[in-house]
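Novice: Got a structure for you, questions after.
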Amino acid sequence: MPASARINVADAIARAQQYLFSRFDARGYWECELIIDSTVVCDYVLYYHWLGQPEKAQNERCRKHILSRQLTDGGWPQFPGGPSELAATIKGYHALRLTGLPQTAPELVRARERALALGGIPKLHTFGKLYLAICGLFPWKYCPLIPAEMMLLPTWAPFHIYKMSSWTRNLVVPLTVINHYKPVRVLPACPSLDELYPDGTQEGDWSLPQSEDTFTWRNLFLALDKLGRVLNHLPTDIIRQRGLNVARDWMLARIGPGSDGMGAIFPGMMNTLFALELLGLKEHPLFIKELKDFEGLVRGEADDLRVAPCYSPVWDTAIIAQCLVDSGVPASDPRLKKTADWLLDREIKIKGDWAENVSFPEATGWAFEFNNDFYPDVDDTFQVVLALRVLSATDEARREAATKRAMAWCRAFQCREGGFAAFDRDLTTPWLEQVPFADHNAILDPPCSDITGRALETLAKMGYTRDDPGVRRALGFVWRTQEADGSWFGRWGVNYIYGTSHVLRGLALIGEDMTQPRVLAARDWLEQKQNADGGWGESCWTYHDDKTRGGGAPFFAVKPRGPDGELPAYGEAIEGSTGKGPAPSTSSQTAWALLGILACGDAKRESVERGVKYLLDQQQSDGSWHYPWFTGTGFPKIFYLKYTSYQWAWPLLALSWYRNISEGKGLPK
């Protein structure tokens, strides 16, 4: 590396470090905003109107937020640059009606036309229909049954609530209560949405369609749903009441001390508030606490109300701390020592839902949020271990004990397939995806390549080798899940760049031969996806069309029109876009691609030099990087995220790896 390049990279690293420390909370952590599409603000408006407190919906600020994200075709997307999506469009339309916008407003006329073109209310997924049903805007009789009796099913049964992913559980348990009461509270600001039905009325047969084949799981479940509706009218009050009581107690236990709300995430919290009110618990201290936690998700400036889906301090802190130390900040830095102590204080001391599926003698693990004791997750815990192992704490013995305990806990979560999932183990029963209320594409929690790649990295750094049985099984999983073109799917980040980078890093650190053909195929795939500007970008559209992997050109403009008119205005359709072709480069995806290529050991490759130059050129004067695109994943095809920490932290790590490998220091140990 030429001396001038070393100076530039060293300066960029120093400025990035300085910027991250400028965002440091003196209590020992980083908390960077999670940005999501407009649907969360729409649901926020819905909840307060349903609660009978429309003044708390902050109608004007919410209306401005929603309208600012409307596309020129009238709809709303799931991610910047994406096409109009039905649920987002109907939620946007409904929320604007609730905030007082008249049906004749041009924005609503365009939104109505777009919603109908996408199929209207009958084509909504189940959870969207349920939110309309409680307002009298969709017939309850066409909503799938979610019986409270499911709360009584034993864990040895083919189906029970712990067969579902943790996030689905947080949604569905409150829905068993809502489904029992089937409330209808017509809201004066929007008493009807007949105009969003293809025939102009909600009167019709909106039953879920059966599969064309006669004998399928879907048809079986639809038949059982019909049978359940018949049985639902039989005198089974004792069993139903017992199920409701179990659901009530289950919810109250999970929103008590040690929790920032149901699952500490917006949808579960809102459903729980609906359910507790229906149970007559509106004055209960835990309802009041849940409502306070719910309100605590509101953030933004005076002219732009935003609602966070949740908070991410543990995740942000663990990633940033690792990046800072790997970039040369001493572990003894007083700020990082506070970080180590703060992370240690966040270790969970109770056994949560995971204990229903995984046997482990101790309570441990870390959650994503500030407080979410019932739901530590494997990915966060691996990342916290990666951070703690390079930090110094006030009590070193406590730090060492916590990392060893957490590592053993994570290993207990290894799935039969050899990989690691997010919150549980072996929640992979395929027929559950055909349950009528499970059309949100997220009822399971299968192992995935990106978490398994981080697992391999953590195992290596904690002293495990390729001779370890668990490591061998994890390696088998990642090799089996490699795509034919050499890439790996990214479940929790966008998308194949994220998955491929994480796996390559794990393979290199665990000691795999990084010159073998299948590794080089992955490296070559990354290089083939490099953009002309030297960076890498990939759109959330790749989850919808895997043929666009490593790219996914935007359908709609995100940046405002430039002074020379070279870019269309925000939300304006990009002529001829089909989602195919390159996506705009981002600092985080460029960093992931660089880390993947550097894991193969050669910092002198042209792709690396161009990628590093892109990061240097795009760095702001304050040491940060910025972009408008979403590079994080909530649930594929349902919702996506922008982790603002990603655009600052990952480039720092990539530049650090580049410097160290260029200077012959090799990969971080």
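Chain labels A, B, ... are given in the sequence in which chains occur in the structure tokens; within each chain residues are numbered consecutively from 1, and ligands are likewise numbered from 1 in the order shown.
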Please list as a list in words every residue within 8 Å of Met151 of chain A, counting only C-alpha atoms and excluding residues in the same chain fewer than 3 positions away.
Specialist: Ala148, His160, Ile161, Val173, Gly243, Leu244, Val246 and Ala247 of chain A
Novice: Can you tell me, as a PyMOL selection string, what residues are no more than 12 Å from Gly463 of chain A when counting only C-alpha atoms, ignoring any on the same chain fewer than 2 positions away?
Specialist: chain A and resi 389+404+407+456-461+465-468+471+509-511+669
Novice: The selected residues should be written to file as a CSV table (one decimal), in the first residue's frame (atoms: N, CA and C atoms).
Specialist:
chain,number,residue,atom,x,y,z
A,389,ARG,N,-15.0,-10.1,24.4
A,389,ARG,CA,-13.7,-10.7,24.4
A,389,ARG,C,-12.6,-9.8,24.1
A,404,LYS,N,-17.9,-17.1,28.6
A,404,LYS,CA,-17.9,-18.5,28.5
A,404,LYS,C,-19.3,-19.1,28.7
A,407,MET,N,-21.3,-18.4,25.5
A,407,MET,CA,-20.8,-19.2,24.4
A,407,MET,C,-21.4,-20.6,24.5
A,456,LEU,N,-19.5,-19.1,13.4
A,456,LEU,CA,-18.2,-19.6,13.1
A,456,LEU,C,-17.1,-18.6,13.5
A,457,GLU,N,-17.3,-17.3,13.2
A,457,GLU,CA,-16.4,-16.3,13.6
A,457,GLU,C,-16.2,-16.3,15.2
A,458,THR,N,-17.3,-16.3,15.9
A,458,THR,CA,-17.2,-16.3,17.3
A,458,THR,C,-16.6,-17.6,17.9
A,459,LEU,N,-16.9,-18.7,17.4
A,459,LEU,CA,-16.3,-19.9,17.8
A,459,LEU,C,-14.8,-19.9,17.6
A,460,ALA,N,-14.4,-19.4,16.5
A,460,ALA,CA,-13.0,-19.3,16.2
A,460,ALA,C,-12.2,-18.4,17.2
A,461,LYS,N,-12.8,-17.3,17.4
A,461,LYS,CA,-12.2,-16.3,18.3
A,461,LYS,C,-12.2,-16.7,19.8
A,465,THR,N,-11.9,-25.0,17.2
A,465,THR,CA,-11.2,-25.3,15.9
A,465,THR,C,-12.1,-26.1,15.0
A,466,ARG,N,-11.7,-26.4,13.8
A,466,ARG,CA,-12.5,-27.2,12.9
A,466,ARG,C,-12.6,-28.6,13.3
A,467,ASP,N,-11.9,-29.1,14.3
A,467,ASP,CA,-12.0,-30.4,14.8
A,467,ASP,C,-13.2,-30.6,15.8
A,468,ASP,N,-13.8,-29.4,16.2
A,468,ASP,CA,-14.9,-29.4,17.1
A,468,ASP,C,-16.1,-30.0,16.4
A,471,VAL,N,-18.5,-27.2,15.3
A,471,VAL,CA,-17.9,-26.4,14.1
A,471,VAL,C,-18.1,-27.2,12.8
A,509,LEU,N,-11.8,-17.3,9.5
A,509,LEU,CA,-11.4,-17.2,10.9
A,509,LEU,C,-11.3,-18.6,11.5
A,510,ILE,N,-12.2,-19.5,11.1
A,510,ILE,CA,-12.2,-20.9,11.6
A,510,ILE,C,-11.1,-21.7,11.0
A,511,GLY,N,-10.4,-21.2,9.9
A,511,GLY,CA,-9.3,-21.9,9.4
A,511,GLY,C,-9.6,-22.7,8.1
A,669,LYS,N,-7.6,-11.5,15.4
A,669,LYS,CA,-7.6,-12.7,16.2
A,669,LYS,C,-8.6,-12.6,17.4
Novice: For Pro106 of chain A, list every protein, DNA or RNA residue within 12 Å, evaluated using only C-alpha atoms, and leave out those in the same chain fewer than 6 positions away; present the list as a list in words.
Specialist: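 Non-adjacent residues within range: Leu67, Gln70, Thr72, Asp73, Gly74, Tyr93, Leu96, Arg112 and Glu113 of chain A.
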Novice: Using DSSP on the backbone coordinates, identify all residues within segment 72-266 of chain A classified as alpha helix (DSSP H); present the result as a ChimeraX atom specification.
Specialist: /A:86-98,106-117,126-133,166-181,217-231,237-254,266
Novice: Tell me, as a PyMOL selection string, which residues lie within 9 Å of Leu171 of chain A, counting only C-alpha atoms; anything in the same chain fewer than 4 positions away does not count.
Specialist: chain A and resi 166-167+175+262+267-272
Novice: Given the choices A:Ile574, A:Ala117, A:Ala12, A:Ile265, which gets closest to Ser624 of chain A if the distance is worked out from only C-alpha atoms?
Specialist: A:Ala12
Novice: Calculated over only C-alpha atoms, which of the candidates A:Ser392, A:Gly296, A:Asp333, A:Ala264 has the smallest distance to Phe374 of chain A?
Specialist: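 Closest to Phe374 of chain A of all the choices is A:Ala264.
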Novice: Using Å and a single decimal, report how far atom CA of Asp380 of chain A sits from atom CA of Gly419 of chain A.
Specialist: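 Atom-to-atom, atom CA of Gly419 of chain A and atom CA of Asp380 of chain A are spaced 15.5 Å apart.
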Novice: Which residue gives the smallest distance to Arg472 of chain A among A:Phe423, A:Leu507, A:Cys32, A:Phe294, with only C-alpha atoms counted?
Specialist: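 Checking each of A:Phe423, A:Leu507, A:Cys32, A:Phe294 against Arg472 of chain A, counting only C-alpha atoms, the winner is A:Leu507.
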Novice: Which one is closest to Pro554 of chain A: A:Gly200, A:Gly81, A:Gly534, A:Ile255? Count only C-alpha atoms.
Specialist: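 Residue with the minimum atom-to-atom distance to Pro554 of chain A: A:Gly81.
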Novice: Taking only C-alpha atoms into account, which of A:Ala442, A:Ala599, A:Cys323, A:Leu388 comes nearest Ser501 of chain A?
Specialist: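 Smallest separation from Ser501 of chain A among the options: A:Ala599.
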